[in-house]
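A.B. asks: File final.txt follows (compact mmCIF, C-alpha atoms and all ligand atoms):
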# COMPACT_ATOMS: atom_id res chain seq x y z
CA MET Z 1 -1.70 -162.00 12.35
CA LYS Z 2 1.59 -160.23 13.10
CA ILE Z 3 3.42 -159.75 9.82
CA THR Z 4 6.68 -158.04 8.83
CA VAL Z 5 7.31 -157.21 5.19
CA LEU Z 6 11.03 -157.20 4.45
CA GLY Z 7 11.71 -155.06 1.37
CA CYS Z 8 9.25 -152.20 1.02
CA GLY Z 9 9.42 -151.61 -2.72
CA ALA Z 10 6.63 -152.02 -5.27
CA ILE Z 11 5.39 -155.50 -4.30
CA GLY Z 12 6.15 -155.05 -0.58
CA ARG Z 13 4.03 -151.91 -0.30
CA ILE Z 14 1.10 -153.50 -2.13
CA LEU Z 15 1.18 -156.32 0.40
CA ILE Z 16 1.49 -153.93 3.34
CA HIS Z 17 -1.61 -152.12 2.16
CA ALA Z 18 -3.68 -155.22 1.37
CA LEU Z 19 -2.84 -156.87 4.70
CA SER Z 20 -3.44 -153.68 6.75
CA VAL Z 21 -6.89 -153.30 5.20
CA ARG Z 22 -7.70 -156.80 6.45
CA GLY Z 23 -6.85 -155.72 10.00
CA HIS Z 24 -3.53 -157.51 10.45
CA GLN Z 25 -0.71 -156.02 12.49
CA ILE Z 26 1.88 -155.02 9.94
CA GLN Z 27 5.27 -153.42 9.87
CA GLY Z 28 7.71 -152.79 7.06
CA TRP Z 29 11.44 -153.51 7.35
CA THR Z 30 13.72 -151.27 5.36
CA LYS Z 31 17.44 -150.55 4.96
CA ARG Z 32 17.05 -147.37 6.95
CA SER Z 33 15.95 -146.89 10.57
CA GLU Z 34 12.76 -144.87 10.09
CA LYS Z 35 10.01 -145.88 12.52
CA ILE Z 36 7.14 -144.88 10.24
CA LEU Z 37 6.79 -145.49 6.50
CA LYS Z 38 4.46 -143.43 4.39
CA ILE Z 39 2.73 -145.69 1.91
CA LYS Z 40 1.39 -144.12 -1.30
CA ILE Z 41 -0.24 -146.37 -3.86
CA VAL Z 42 -2.03 -145.59 -7.10
CA GLN Z 43 -4.28 -148.39 -8.33
CA VAL Z 44 -3.92 -147.67 -12.02
CA LYS Z 45 -7.10 -149.50 -13.16
CA ASN Z 46 -9.54 -147.46 -11.05
CA LEU Z 47 -7.26 -144.47 -10.42
CA ASN Z 48 -7.69 -145.03 -6.70
CA ARG Z 49 -5.11 -143.16 -4.57
CA ILE Z 50 -4.19 -144.61 -1.19
CA GLU Z 51 -2.04 -142.93 1.44
CA PHE Z 52 -1.41 -144.12 4.98
CA PRO Z 53 1.42 -144.53 7.48
CA VAL Z 54 2.72 -147.89 8.73
CA TYR Z 55 5.16 -148.84 11.50
CA ALA Z 56 8.65 -149.82 10.46
CA ASN Z 57 11.84 -151.37 11.79
CA ARG Z 58 10.66 -152.28 15.30
CA ARG Z 59 12.76 -155.07 16.77
CA ASN Z 60 10.20 -156.05 19.41
CA PHE Z 61 7.61 -156.48 16.69
CA LEU Z 62 10.05 -158.63 14.71
CA LYS Z 63 10.53 -160.95 17.71
CA ASN Z 64 6.80 -161.74 17.76
CA THR Z 65 6.31 -161.71 14.00
CA GLN Z 66 4.47 -164.84 12.82
CA LEU Z 67 5.10 -164.31 9.13
CA LEU Z 68 8.03 -162.58 7.44
CA ILE Z 69 7.21 -161.81 3.82
CA VAL Z 70 10.37 -161.20 1.82
CA THR Z 71 9.73 -158.97 -1.18
CA LEU Z 72 13.32 -158.04 -1.97
CA LYS Z 73 15.17 -158.49 -5.22
CA ALA Z 74 16.74 -161.98 -5.20
CA HIS Z 75 20.31 -160.68 -4.76
CA GLN Z 76 19.27 -158.69 -1.66
CA VAL Z 77 17.76 -161.61 0.25
CA LYS Z 78 20.78 -163.29 1.87
CA LYS Z 79 22.30 -160.14 3.31
CA ALA Z 80 18.98 -158.77 4.54
CA ILE Z 81 17.91 -161.99 6.26
CA ARG Z 82 21.35 -162.43 7.81
CA SER Z 83 21.03 -158.99 9.38
CA ILE Z 84 17.72 -159.77 11.12
CA GLN Z 85 17.71 -163.53 11.67
CA MET Z 86 18.84 -163.20 15.32
CA PHE Z 87 15.68 -161.21 16.11
CA LEU Z 88 13.26 -163.72 14.57
CA GLY Z 89 11.29 -166.17 16.69
CA LYS Z 90 11.88 -169.87 15.92
CA GLU Z 91 8.34 -170.37 14.66
CA CYS Z 92 8.26 -167.36 12.36
CA VAL Z 93 7.52 -168.53 8.82
CA ILE Z 94 9.63 -166.91 6.08
CA LEU Z 95 7.88 -166.48 2.73
CA LEU Z 96 10.27 -165.74 -0.14
CA LEU Z 97 8.34 -163.95 -2.87
CA HIS Z 98 10.66 -162.86 -5.64
CA ASN Z 99 11.70 -163.66 -9.19
CA GLY Z 100 14.56 -166.07 -9.74
CA ILE Z 101 15.80 -169.12 -7.83
CA GLY Z 102 18.78 -169.64 -5.53
CA THR Z 103 17.93 -167.84 -2.31
CA GLU Z 104 16.53 -170.95 -0.64
CA GLU Z 105 19.96 -172.61 -0.87
CA GLU Z 106 21.57 -169.41 0.40
CA LEU Z 107 19.31 -169.40 3.47
CA HIS Z 108 20.26 -173.00 4.27
CA LYS Z 109 23.93 -171.95 4.11
CA ILE Z 110 23.39 -169.23 6.71
CA ASN Z 111 21.55 -171.76 8.92
CA THR Z 112 18.11 -170.29 8.78
CA ASN Z 113 16.07 -172.81 10.74
CA ASN Z 114 12.71 -171.11 10.35
CA PRO Z 115 10.08 -172.81 8.19
CA ILE Z 116 10.38 -171.50 4.63
CA LEU Z 117 7.67 -171.00 2.05
CA ILE Z 118 8.54 -169.94 -1.48
CA GLY Z 119 6.40 -168.53 -4.22
CA ASN Z 120 5.89 -166.30 -7.20
CA THR Z 121 3.44 -163.64 -8.20
CA THR Z 122 2.10 -162.15 -11.40
CA HIS Z 123 1.03 -158.83 -9.86
CA SER Z 124 2.52 -155.96 -11.77
CA ALA Z 125 3.72 -152.74 -10.16
CA TYR Z 126 6.50 -150.21 -10.20
CA ARG Z 127 7.71 -147.51 -7.85
CA LYS Z 128 8.41 -143.91 -8.81
CA LYS Z 129 10.00 -142.03 -5.91
CA GLU Z 130 7.64 -142.66 -2.98
CA THR Z 131 4.62 -143.77 -5.02
CA VAL Z 132 3.83 -147.31 -6.09
CA PHE Z 133 1.78 -147.75 -9.24
CA HIS Z 134 -0.16 -151.01 -9.09
CA ILE Z 135 -0.72 -151.77 -12.76
CA ARG Z 136 -2.34 -155.19 -12.70
CA LYS Z 137 -3.58 -157.64 -10.08
CA GLY Z 138 -2.27 -161.14 -10.50
CA VAL Z 139 -2.07 -164.64 -9.13
CA THR Z 140 0.28 -165.55 -6.30
CA THR Z 141 1.40 -169.15 -5.93
CA ILE Z 142 3.06 -170.39 -2.77
CA GLY Z 143 4.22 -173.71 -1.40
CA SER Z 144 6.45 -175.34 1.15
CA THR Z 145 10.10 -176.18 0.49
CA LYS Z 146 9.80 -179.25 2.72
CA LYS Z 147 7.20 -182.00 2.55
CA PHE Z 148 4.90 -180.21 4.99
CA ASN Z 149 1.32 -180.34 3.87
CA LYS Z 150 -0.94 -177.41 3.19
CA LYS Z 151 -2.65 -177.80 6.62
CA LYS Z 152 0.38 -176.55 8.55
CA PHE Z 153 0.22 -173.28 6.64
CA SER Z 154 -3.54 -173.02 6.18
CA LEU Z 155 -3.82 -169.84 8.29
CA ILE Z 156 -1.13 -168.08 6.24
CA LEU Z 157 -2.79 -169.18 3.02
CA LYS Z 158 -6.16 -167.86 4.24
CA VAL Z 159 -4.65 -164.53 5.34
CA LEU Z 160 -2.96 -164.05 1.96
CA GLU Z 161 -5.97 -165.21 -0.01
CA GLU Z 162 -8.20 -162.67 1.69
CA ALA Z 163 -5.68 -159.86 1.17
CA ILE Z 164 -4.37 -160.40 -2.36
CA PRO Z 165 -6.64 -162.85 -4.17
CA ILE Z 166 -5.97 -165.09 -6.07
CA VAL Z 167 -3.49 -167.05 -3.93
CA LYS Z 168 -2.90 -170.71 -4.78
CA TRP Z 169 -1.14 -173.41 -2.81
CA SER Z 170 1.15 -175.53 -4.98
CA LYS Z 171 2.32 -178.99 -3.96
CA ARG Z 172 4.96 -178.61 -6.66
CA ILE Z 173 6.18 -175.10 -5.88
CA HIS Z 174 9.69 -175.82 -7.19
CA PHE Z 175 8.18 -176.82 -10.54
CA SER Z 176 6.05 -173.67 -10.51
CA ASN Z 177 9.10 -171.50 -9.75
CA TRP Z 178 11.15 -173.21 -12.48
CA LEU Z 179 8.40 -172.56 -15.00
CA LYS Z 180 8.31 -168.87 -14.00
CA LEU Z 181 12.13 -168.85 -14.08
CA SER Z 182 12.09 -170.15 -17.65
CA ALA Z 183 9.80 -167.34 -18.81
CA ASN Z 184 12.00 -164.79 -17.00
CA CYS Z 185 15.20 -166.31 -18.51
CA ILE Z 186 13.75 -165.61 -21.96
CA ILE Z 187 11.68 -162.44 -21.62
CA ASN Z 188 13.90 -160.43 -19.26
CA PRO Z 189 17.28 -160.59 -21.06
CA LEU Z 190 15.77 -160.36 -24.56
CA THR Z 191 13.71 -157.27 -23.72
CA THR Z 192 16.72 -155.71 -22.00
CA LEU Z 193 19.12 -156.35 -24.89
CA LYS Z 194 16.56 -155.11 -27.42
CA ARG Z 195 15.28 -152.30 -25.12
CA CYS Z 196 11.68 -153.22 -25.95
CA LYS Z 197 8.34 -154.08 -24.39
CA ASN Z 198 7.67 -157.77 -23.71
CA GLY Z 199 5.34 -158.17 -26.70
CA LYS Z 200 8.02 -157.10 -29.19
CA ILE Z 201 10.23 -160.15 -28.57
CA LYS Z 202 7.70 -162.43 -30.32
CA LYS Z 203 9.60 -161.80 -33.55
CA TYR Z 204 12.73 -163.58 -32.19
CA ARG Z 205 11.02 -166.96 -32.65
CA GLU Z 206 14.21 -168.90 -33.39
CA THR Z 207 16.03 -167.66 -30.31
CA ILE Z 208 12.96 -168.29 -28.15
CA SER Z 209 12.67 -171.78 -29.53
CA LEU Z 210 16.38 -172.53 -28.81
CA LEU Z 211 15.93 -171.21 -25.27
CA CYS Z 212 12.79 -173.28 -24.71
CA ARG Z 213 14.70 -176.40 -25.80
CA GLU Z 214 17.58 -175.61 -23.45
CA LEU Z 215 15.35 -174.77 -20.50
CA THR Z 216 13.29 -177.94 -21.03
CA MET Z 217 16.54 -179.93 -20.88
CA ILE Z 218 17.70 -178.43 -17.57
CA MET Z 219 14.24 -178.63 -16.01
CA ASN Z 220 14.03 -182.34 -16.79
CA LEU Z 221 17.55 -182.91 -15.42
CA GLU Z 222 16.46 -181.11 -12.24
CA GLY Z 223 13.59 -183.60 -11.93
CA HIS Z 224 10.85 -181.24 -13.11
CA LYS Z 225 9.30 -183.23 -15.95
CA VAL Z 226 8.12 -180.92 -18.69
CA LYS Z 227 7.61 -181.12 -22.45
CA GLU Z 228 9.14 -178.50 -24.72
CA GLU Z 229 5.72 -177.72 -26.25
CA TYR Z 230 4.23 -177.08 -22.80
CA LEU Z 231 7.07 -174.76 -21.77
CA SER Z 232 6.97 -172.91 -25.07
CA LYS Z 233 3.17 -172.45 -24.85
CA TYR Z 234 3.57 -171.12 -21.30
CA VAL Z 235 6.30 -168.67 -22.33
CA TYR Z 236 4.25 -167.30 -25.25
CA GLU Z 237 1.24 -166.94 -22.95
CA VAL Z 238 3.29 -164.85 -20.51
CA ILE Z 239 4.61 -162.74 -23.39
CA GLU Z 240 1.07 -162.16 -24.64
CA LYS Z 241 -0.39 -161.33 -21.21
CA THR Z 242 2.41 -158.89 -20.46
CA LYS Z 243 2.94 -157.56 -24.00
CA ARG Z 244 2.58 -153.92 -22.94
CA ASN Z 245 4.98 -154.24 -19.97
CA TYR Z 246 8.61 -153.29 -19.72
CA SER Z 247 10.23 -156.27 -17.99
CA SER Z 248 11.68 -155.83 -14.50
CA MET Z 249 15.18 -156.42 -15.88
CA LEU Z 250 14.86 -153.69 -18.49
CA GLN Z 251 13.49 -151.32 -15.83
CA ASP Z 252 16.36 -152.16 -13.46
CA PHE Z 253 18.88 -151.67 -16.24
CA LEU Z 254 17.42 -148.31 -17.33
CA ASN Z 255 17.31 -147.15 -13.69
CA GLY Z 256 20.99 -148.07 -13.19
CA LYS Z 257 20.07 -150.85 -10.72
CA LYS Z 258 21.57 -154.31 -10.45
CA THR Z 259 19.48 -156.85 -12.36
CA GLU Z 260 18.40 -160.30 -11.09
CA ILE Z 261 20.33 -162.06 -13.91
CA ASP Z 262 22.45 -164.13 -11.45
CA TYR Z 263 19.25 -165.71 -10.07
CA LEU Z 264 17.75 -166.24 -13.54
CA ASN Z 265 20.06 -167.30 -16.40
CA GLY Z 266 22.96 -167.32 -13.91
CA TYR Z 267 21.15 -169.85 -11.72
CA VAL Z 268 20.55 -172.02 -14.79
CA ILE Z 269 24.30 -171.93 -15.53
CA LYS Z 270 25.08 -173.05 -11.95
CA ARG Z 271 22.73 -176.01 -12.25
CA CYS Z 272 24.16 -176.89 -15.69
CA LYS Z 273 27.62 -177.17 -14.13
CA ILE Z 274 26.27 -179.76 -11.67
CA HIS Z 275 24.77 -181.76 -14.56
CA ARG Z 276 27.85 -181.16 -16.77
CA ILE Z 277 25.92 -179.71 -19.66
CA ASN Z 278 26.29 -176.52 -21.62
CA LEU Z 279 23.34 -174.41 -22.77
CA PRO Z 280 24.89 -171.96 -25.26
CA THR Z 281 21.95 -169.63 -25.88
CA ASN Z 282 21.30 -169.19 -22.16
CA ASN Z 283 25.05 -168.60 -21.59
CA PHE Z 284 25.11 -166.02 -24.38
CA LEU Z 285 22.24 -164.02 -22.86
CA TYR Z 286 23.86 -164.17 -19.41
CA LYS Z 287 27.18 -162.84 -20.73
CA GLU Z 288 25.55 -160.08 -22.77
CA ILE Z 289 23.56 -158.82 -19.76
CA LYS Z 290 26.65 -158.95 -17.55
CA LYS Z 291 28.53 -156.92 -20.19
CA ILE Z 292 25.96 -154.11 -20.34
CA GLU Z 293 25.43 -154.18 -16.59
CA LYS Z 294 29.07 -153.26 -16.05
P1 LIG J 301 11.82 -153.22 -5.47
O1 LIG J 301 10.78 -152.19 -5.75
O2 LIG J 301 13.23 -152.96 -5.84
O3 LIG J 301 11.73 -153.55 -3.89
C1 LIG J 301 12.76 -154.05 -3.11
C2 LIG J 301 12.92 -153.13 -1.92
O4 LIG J 301 13.79 -153.71 -0.96
C3 LIG J 301 13.52 -151.78 -2.32
O5 LIG J 301 12.77 -150.76 -1.70
C4 LIG J 301 14.93 -151.84 -1.70
O6 LIG J 301 15.44 -150.59 -1.34
C5 LIG J 301 14.68 -152.69 -0.49
N1 LIG J 301 15.89 -153.30 0.09
C6 LIG J 301 17.06 -153.61 -0.52
N2 LIG J 301 17.92 -154.17 0.36
C7 LIG J 301 17.29 -154.20 1.56
C8 LIG J 301 17.67 -154.63 2.86
N3 LIG J 301 18.87 -155.12 3.11
N4 LIG J 301 16.77 -154.49 3.86
C9 LIG J 301 15.54 -153.97 3.64
N5 LIG J 301 15.12 -153.53 2.42
C10 LIG J 301 15.99 -153.65 1.39
O7 LIG J 301 11.38 -154.60 -6.12
P2 LIG J 301 9.92 -155.11 -6.48
O8 LIG J 301 9.54 -154.62 -7.82
O9 LIG J 301 9.00 -154.90 -5.35
O10 LIG J 301 10.21 -156.66 -6.65
C11 LIG J 301 10.48 -157.53 -5.58
C12 LIG J 301 10.63 -158.94 -6.15
O11 LIG J 301 9.39 -159.33 -6.75
C13 LIG J 301 11.67 -159.04 -7.27
O12 LIG J 301 12.28 -160.31 -7.25
C14 LIG J 301 10.85 -158.89 -8.54
O13 LIG J 301 11.45 -159.49 -9.66
C15 LIG J 301 9.60 -159.65 -8.12
N6 LIG J 301 8.41 -159.26 -8.87
C16 LIG J 301 8.12 -157.94 -9.07
C17 LIG J 301 7.00 -157.61 -9.79
C18 LIG J 301 6.64 -156.17 -10.04
O14 LIG J 301 5.71 -155.92 -10.82
N7 LIG J 301 7.29 -155.19 -9.40
C19 LIG J 301 6.15 -158.62 -10.29
C20 LIG J 301 6.46 -159.94 -10.04
C21 LIG J 301 7.59 -160.26 -9.34
P3 LIG J 301 16.43 -149.83 -2.41
O15 LIG J 301 15.60 -149.67 -3.66
O16 LIG J 301 16.72 -148.57 -1.67
O17 LIG J 301 17.60 -150.74 -2.59
O1 LIG J 302 10.20 -159.79 -14.44
C1 LIG J 302 9.19 -159.39 -15.05
O2 LIG J 302 9.14 -158.35 -15.67
C2 LIG J 302 7.95 -160.28 -15.04
O3 LIG J 302 8.18 -161.40 -14.23
C3 LIG J 302 7.48 -160.71 -16.43
C4 LIG J 302 6.56 -161.92 -16.31
C5 LIG J 302 8.61 -161.05 -17.36
C6 LIG J 302 6.58 -159.66 -17.03
O4 LIG J 302 7.21 -158.46 -17.30
Write the structure described by the file as structure tokens, please.
Ligand code: NAP
Ligand code: PAF
C.D. replies:
Amino acid sequence: MKITVLGCGAIGRILIHALSVRGHQIQGWTKRSEKILKIKIVQVKNLNRIEFPVYANRRNFLKNTQLLIVTLKAHQVKKAIRSIQMFLGKECVILLLHNGIGTEEELHKINTNNPILIGNTTHSAYRKKETVFHIRKGVTTIGSTKKFNKKKFSLILKVLEEAIPIVKWSKRIHFSNWLKLSANCIINPLTTLKRCKNGKIKKYRETISLLCRELTMIMNLEGHKVKEEYLSKYVYEVIEKTKRNYSSMLQDFLNGKKTEIDYLNGYVIKRCKIHRINLPTNNFLYKEIKKIEK
């Protein structure tokens, strides 16, 4: 399959490698105009070092690309897609694979008519200069934003499954993304404000419980039926599984990069305005992150 990966950071480079190994035609798309990208990956578990070159930024390739995998930070998506959408074929499927919610609406606003898949992943990686450290393999869940069934995208699902197992198809991908969003709305700002690893926030039980109540409320208003106990159990499971990690928000903050807060707690605030409700704990976290981000 002909695949372009838009956003060649930690997750993007892992995908480029995994898909190249499977024999697919791959290119990376970056902010710069280099025609070759040097990929360096360290698989932390087995200390495997991988180094290879990959094509980049070729417009002709983009025209025939069958799948565009978008592994940008949420706030980078709209601008990046706007700058290449004229080169994309009509049938090219766009897969948005990032934390946070809100980019799907943004793509509709800029009249992206390509079929869109959305998803989330629990792979864990970070980039130091030119090297990506792949810390933990994870599960990737994808689904269609429209009521297309799995069959239409079965080839894409197979390609991804072979490259980065486990990949699951979700009929309720918006629910899945909201659940992930809820965990990120709790773990990311708390770890950033407290400058701690994910596991350390377990002691803020009261705050976590208030946030779970608020997030359950907005999820149900959005039509994603969920019980507070279920959401809370899920959040604590994510905290436990990632207890030794520094969250992506804390890493962005410490590296002087813009965080994804507008697509996490900020997105929740936008939806609350539509439903005319106020979620004070979520608002508080949003404001505190905005303050330190300045
Ligand atoms: P990242 O390392 O920052 O990768 C994003 C890349 O896109 C960067 O190399 C960035 O370049 C580039 N970029 C920015 N604007 C661009 C543009 N207009 N055109 C082309 N490239 C552009 O982020 P990541 O860690 O891979 O994460 C990607 C998404 O996956 C995020 O939403 C993150 O929350 C989510 N996620 C990450 C992990 C993880 O472990 N890393 C796990 C689960 C989910 P510059 O850096 O030069 O701006
Ligand atoms: O954004 C992150 O850091 C991750 O999505 C998560 C699950 C909070 C683990 O660190």
A.B. asks: With all atoms listed in the file counted, collect every polymer residue having an atom within 10 Å of ligand LIG 302 (chain J); state the result as a PyMOL selection string.
C.D. replies: chain Z and resi 98-100+120-125+180-189+191+197-199+235+237-252+259-260+264
A.B. asks: Using all atoms listed in the file, determine which residues lie at most 10 Å from Z:Glu104, disregarding the query and same-chain residues fewer than 5 positions distant; provide the list as JSON, numbers by chain.
C.D. replies: {"Z": [77, 78, 96, 109, 112, 116, 117, 118, 145]}
A.B. asks: Could you list, as an MDAnalysis selection string, all protein and nucleic acid residues with an atom at most 6 Å from ligand LIG 301 (chain J), counting all atoms listed in the file?
C.D. replies: chainID Z and resid 6:12 29:31 71:74 76 80 98:99 121:127
A.B. asks: Could you name the residues that touch Z:Thr216 at 7 Å or less, counting all atoms listed in the file, but leaving out those on the same chain fewer than 5 positions away, as a tab-separated table (two decimals) with C-alpha atoms, keeping the file's coordinate frame?
C.D. replies:
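Generated file (out.tsv):
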chain	number	residue	atom	x	y	z
Z	226	VAL	CA	8.12	-180.92	-18.69
Z	227	LYS	CA	7.61	-181.12	-22.45
Z	228	GLU	CA	9.14	-178.50	-24.72
A.B. asks: Pick out the closest residue to Z:Arg205 from this set: Z:Tyr236, Z:Tyr230, Z:Tyr286, Z:Phe133. Count all atoms listed in the file.
C.D. replies: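 Using all atoms listed in the file, Z:Arg205 sits closest to Z:Tyr236.
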A.B. asks: Fewer than 3 positions away in the same chain doesn't count, so skip those; otherwise give me all residues within 10 Å of Z:His174, counting all atoms listed in the file, as a short mmCIF file (atom, residue, chain, number, x, y, z; two decimals) with C-alpha atoms, in the coordinates of the input.
C.D. replies:
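That gives us result.cif:
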data_model
loop_
_atom_site.label_atom_id
_atom_site.label_comp_id
_atom_site.auth_asym_id
_atom_site.auth_seq_id
_atom_site.Cartn_x
_atom_site.Cartn_y
_atom_site.Cartn_z
CA ILE Z 101 15.80 -169.12 -7.83
CA ILE Z 118 8.54 -169.94 -1.48
CA GLY Z 119 6.40 -168.53 -4.22
CA ILE Z 142 3.06 -170.39 -2.77
CA GLY Z 143 4.22 -173.71 -1.40
CA SER Z 144 6.45 -175.34 1.15
CA THR Z 145 10.10 -176.18 0.49
CA SER Z 170 1.15 -175.53 -4.98
CA LYS Z 171 2.32 -178.99 -3.96
CA ASN Z 177 9.10 -171.50 -9.75
CA TRP Z 178 11.15 -173.21 -12.48
CA LEU Z 179 8.40 -172.56 -15.00
CA LYS Z 180 8.31 -168.87 -14.00
CA GLU Z 222 16.46 -181.11 -12.24
CA GLY Z 223 13.59 -183.60 -11.93
CA HIS Z 224 10.85 -181.24 -13.11
#
A.B. asks: List as a VMD selection string the residues having at least one atom at most 10 Å from position (12.5, -161.0, 16.1) as given in the file, counting all atoms listed in the file.
C.D. replies: chain Z and resid 4 58 to 66 68 84 to 90 92
A.B. asks: Find, counting only C-alpha atoms, the residue in Z:Lys233, Z:Lys38, Z:Lys137, Z:His75 that gets nearest to Z:Ala163.
C.D. replies: Z:Lys137
A.B. asks: When you draw a straight line from atom CA of Z:Arg22 to atom CA of Z:Ile41, how long is it in Å?
C.D. replies: 16.5 Å
A.B. asks: Would you mind reading off the distance between atom CA of Z:Val159 and atom CA of Z:Val70, one decimal, in Å?
C.D. replies: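 Between atom CA of Z:Val159 and atom CA of Z:Val70 the gap is 15.8 Å.
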A.B. asks: Atom CA of Z:Glu214 and atom CA of Z:Leu95 are how many Å apart?
C.D. replies: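 Here the two named atoms are 29.4 Å from each other.
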A.B. asks: If we count all atoms listed in the file, what is near Z:Asn46 at a cut-off of 12 Å, once residues fewer than 3 positions away on the same chain are taken out, given as a list in words?
C.D. replies: Ile41, Val42, Gln43, Arg49, Ile50, Phe133, His134, Ile135, Arg136 and Lys137 of chain Z
A.B. asks: Is it possible to add all heavy atoms to stretch 172-178 of chain Z and hand it back as a tab-separated table (two decimals), in the coordinates of the input?
C.D. replies:
chain	number	residue	atom	x	y	z
Z	172	ARG	N	3.72	-178.52	-5.86
Z	172	ARG	CA	4.96	-178.61	-6.66
Z	172	ARG	C	5.50	-177.20	-6.89
Z	172	ARG	O	5.63	-176.74	-8.01
Z	172	ARG	CB	4.66	-179.28	-8.00
Z	172	ARG	CG	4.13	-180.70	-7.85
Z	172	ARG	CD	3.56	-181.16	-9.16
Z	172	ARG	NE	4.59	-181.41	-10.17
Z	172	ARG	CZ	4.39	-181.29	-11.47
Z	172	ARG	NH1	3.22	-180.91	-11.94
Z	172	ARG	NH2	5.37	-181.53	-12.32
Z	173	ILE	N	5.79	-176.51	-5.76
Z	173	ILE	CA	6.18	-175.10	-5.88
Z	173	ILE	C	7.52	-174.94	-6.61
Z	173	ILE	O	7.73	-173.97	-7.32
Z	173	ILE	CB	6.20	-174.39	-4.49
Z	173	ILE	CG1	6.29	-172.88	-4.67
Z	173	ILE	CG2	7.29	-174.92	-3.58
Z	173	ILE	CD1	5.16	-172.22	-5.37
Z	174	HIS	N	8.42	-175.94	-6.47
Z	174	HIS	CA	9.69	-175.82	-7.19
Z	174	HIS	C	9.46	-175.88	-8.71
Z	174	HIS	O	10.08	-175.16	-9.47
Z	174	HIS	CB	10.68	-176.90	-6.74
Z	174	HIS	CG	11.21	-176.65	-5.35
Z	174	HIS	ND1	10.86	-177.43	-4.28
Z	174	HIS	CD2	12.01	-175.67	-4.86
Z	174	HIS	CE1	11.44	-176.95	-3.19
Z	174	HIS	NE2	12.15	-175.88	-3.51
Z	175	PHE	N	8.52	-176.75	-9.12
Z	175	PHE	CA	8.18	-176.82	-10.54
Z	175	PHE	C	7.61	-175.48	-11.00
Z	175	PHE	O	8.01	-174.93	-12.03
Z	175	PHE	CB	7.16	-177.95	-10.78
Z	175	PHE	CG	6.66	-178.00	-12.20
Z	175	PHE	CD1	7.42	-178.60	-13.19
Z	175	PHE	CD2	5.44	-177.43	-12.55
Z	175	PHE	CE1	6.97	-178.63	-14.52
Z	175	PHE	CE2	4.99	-177.45	-13.86
Z	175	PHE	CZ	5.75	-178.05	-14.85
Z	176	SER	N	6.69	-174.93	-10.17
Z	176	SER	CA	6.05	-173.67	-10.51
Z	176	SER	C	7.10	-172.55	-10.63
Z	176	SER	O	7.07	-171.73	-11.56
Z	176	SER	CB	5.02	-173.35	-9.43
Z	176	SER	OG	4.53	-172.07	-9.58
Z	177	ASN	N	8.06	-172.54	-9.69
Z	177	ASN	CA	9.10	-171.50	-9.75
Z	177	ASN	C	10.04	-171.69	-10.94
Z	177	ASN	O	10.51	-170.72	-11.53
Z	177	ASN	CB	9.89	-171.46	-8.44
Z	177	ASN	CG	9.20	-170.59	-7.39
Z	177	ASN	OD1	8.13	-170.03	-7.63
Z	177	ASN	ND2	9.81	-170.45	-6.23
Z	178	TRP	N	10.30	-172.96	-11.30
Z	178	TRP	CA	11.15	-173.21	-12.48
Z	178	TRP	C	10.45	-172.75	-13.77
Z	178	TRP	O	11.09	-172.21	-14.67
Z	178	TRP	CB	11.50	-174.70	-12.59
Z	178	TRP	CG	12.88	-174.99	-12.05
Z	178	TRP	CD1	13.18	-175.46	-10.81
Z	178	TRP	CD2	14.14	-174.81	-12.74
Z	178	TRP	NE1	14.55	-175.57	-10.68
Z	178	TRP	CE2	15.16	-175.20	-11.85
Z	178	TRP	CE3	14.50	-174.38	-14.01
Z	178	TRP	CZ2	16.51	-175.16	-12.18
Z	178	TRP	CZ3	15.86	-174.34	-14.35
Z	178	TRP	CH2	16.84	-174.72	-13.45
